[in-house]
Amino acid sequence: MAVLSKIMQELLAKIVKFHGTPCFVYFFDQVIRRIAEINDAFNNRFQISYAIKANPNPALVSRLVDKISFLDVSSSGEIELALKAGWSGNKISFTGPGKRDSDLSFAFQSQIGEIVLESVFEAERLNALAINRGQRQPVLIRIAPTRIPPGF
């Protein structure tokens, strides 16, 4: 665990006095630093995608708009949050099992960049919706192994 600087400790003490606890405090400069560290570690060969389910704080999601490449969402509510936070649909991927037809329709309407297909059944449902709307939808296909190798 990183040791907090004296300045950060004093700031947190003031925040606690004013807001009480529990209270969520984000040091966004550290978020930016970690993004840079990831980019440096991989020589900028990859684009970063943030899973909203990790922390759906609207202020955080909006501040990431021009800091990372993509968002990963798992529900219509998360799509709506992302759009309200300033993300364009083409920068959002929609993943997770249990997507309802209404979720898939909302993803179409929001012009989501990619929908991650979790099953043949979901692919068939999405295909039917696409045909019905006269649209094409970029997809990714999740492939799960039939067995987990030892040591995985």
# chains A, B, ... in the order shown; residues from 1 in each chain; ligands from 1

call {"tool": "select_by_dssp", "arguments": {"residues": "chain A", "states": "helix (DSSP H, G or I)", "output": "PyMOL selection string"}}
result
chain A and resi 6-19+28-41+52-54+58-63+76-84+89-91+101-109+120-133

call {"tool": "residues_around", "arguments": {"residues": "segment 40-46 of chain A", "least_positions_apart": "6", "cutoff": "12 Å", "atoms": "only C-alpha atoms", "output": "list in words"}}
result
Arg33, Arg34, Ile68, Ser69 and Phe70 of chain A

call {"tool": "write_last_selection", "arguments": {"atoms": "N, CA, C and O atoms", "output": "PDB file, in the first residue's frame"}}
result
ATOM      1  N   ARG A  33      -1.776   8.978 -13.654  1.00  0.00           N
ATOM      2  CA  ARG A  33      -0.425   8.409 -13.557  1.00  0.00           C
ATOM      3  C   ARG A  33      -0.447   6.916 -13.836  1.00  0.00           C
ATOM      4  O   ARG A  33       0.391   6.391 -14.572  1.00  0.00           O
ATOM      5  N   ARG A  34      -1.427   6.207 -13.309  1.00  0.00           N
ATOM      6  CA  ARG A  34      -1.513   4.760 -13.531  1.00  0.00           C
ATOM      7  C   ARG A  34      -1.822   4.431 -14.985  1.00  0.00           C
ATOM      8  O   ARG A  34      -1.305   3.464 -15.539  1.00  0.00           O
ATOM      9  N   ILE A  68      -8.736   7.581 -21.752  1.00  0.00           N
ATOM     10  CA  ILE A  68      -8.630   6.184 -22.177  1.00  0.00           C
ATOM     11  C   ILE A  68      -9.424   6.005 -23.468  1.00  0.00           C
ATOM     12  O   ILE A  68     -10.183   6.890 -23.863  1.00  0.00           O
ATOM     13  N   SER A  69      -9.252   4.850 -24.096  1.00  0.00           N
ATOM     14  CA  SER A  69      -9.851   4.642 -25.418  1.00  0.00           C
ATOM     15  C   SER A  69     -11.294   4.167 -25.395  1.00  0.00           C
ATOM     16  O   SER A  69     -12.088   4.562 -26.249  1.00  0.00           O
ATOM     17  N   PHE A  70     -11.636   3.291 -24.453  1.00  0.00           N
ATOM     18  CA  PHE A  70     -12.940   2.639 -24.502  1.00  0.00           C
ATOM     19  C   PHE A  70     -13.523   2.426 -23.113  1.00  0.00           C
ATOM     20  O   PHE A  70     -12.804   2.418 -22.121  1.00  0.00           O
TER      21      PHE A  70
END

call {"tool": "residues_around", "arguments": {"residues": "segment 99-101 of chain A", "least_positions_apart": "3", "cutoff": "12 Å", "atoms": "only C-alpha atoms", "output": "ChimeraX atom specification"}}
result
/A:73-77,94-96,104-108,115-119,121-130

call {"tool": "residues_around", "arguments": {"residues": "Phe24 of chain A", "least_positions_apart": "2", "cutoff": "12 Å", "atoms": "only C-alpha atoms", "output": "list of chain:residue names"}}
result
A:Leu12, A:Ile15, A:Val16, A:His19, A:Gly20, A:Thr21, A:Pro22, A:Tyr26, A:Phe27, A:Asn55, A:Asn57, A:Ala59, A:Leu60

call {"tool": "atom_distance", "arguments": {"atom1": "atom CA of Thr146 of chain A", "atom2": "atom CA of Asp103 of chain A"}}
result
27.7 Å

call {"tool": "residues_around", "arguments": {"residues": "Ser93 of chain A", "least_positions_apart": "3", "cutoff": "7 Å", "atoms": "only C-alpha atoms", "output": "PyMOL selection string"}}
result
chain A and resi 71-73+112-115

call {"tool": "select_by_dssp", "arguments": {"residues": "segment 68-134 of chain A", "states": "strand (DSSP E)", "output": "list of chain:residue names"}}
result
A:Phe70, A:Leu71, A:Asp72, A:Val73, A:Ile92, A:Ser93, A:Phe94, A:Glu114, A:Ile115, A:Val116, A:Leu117
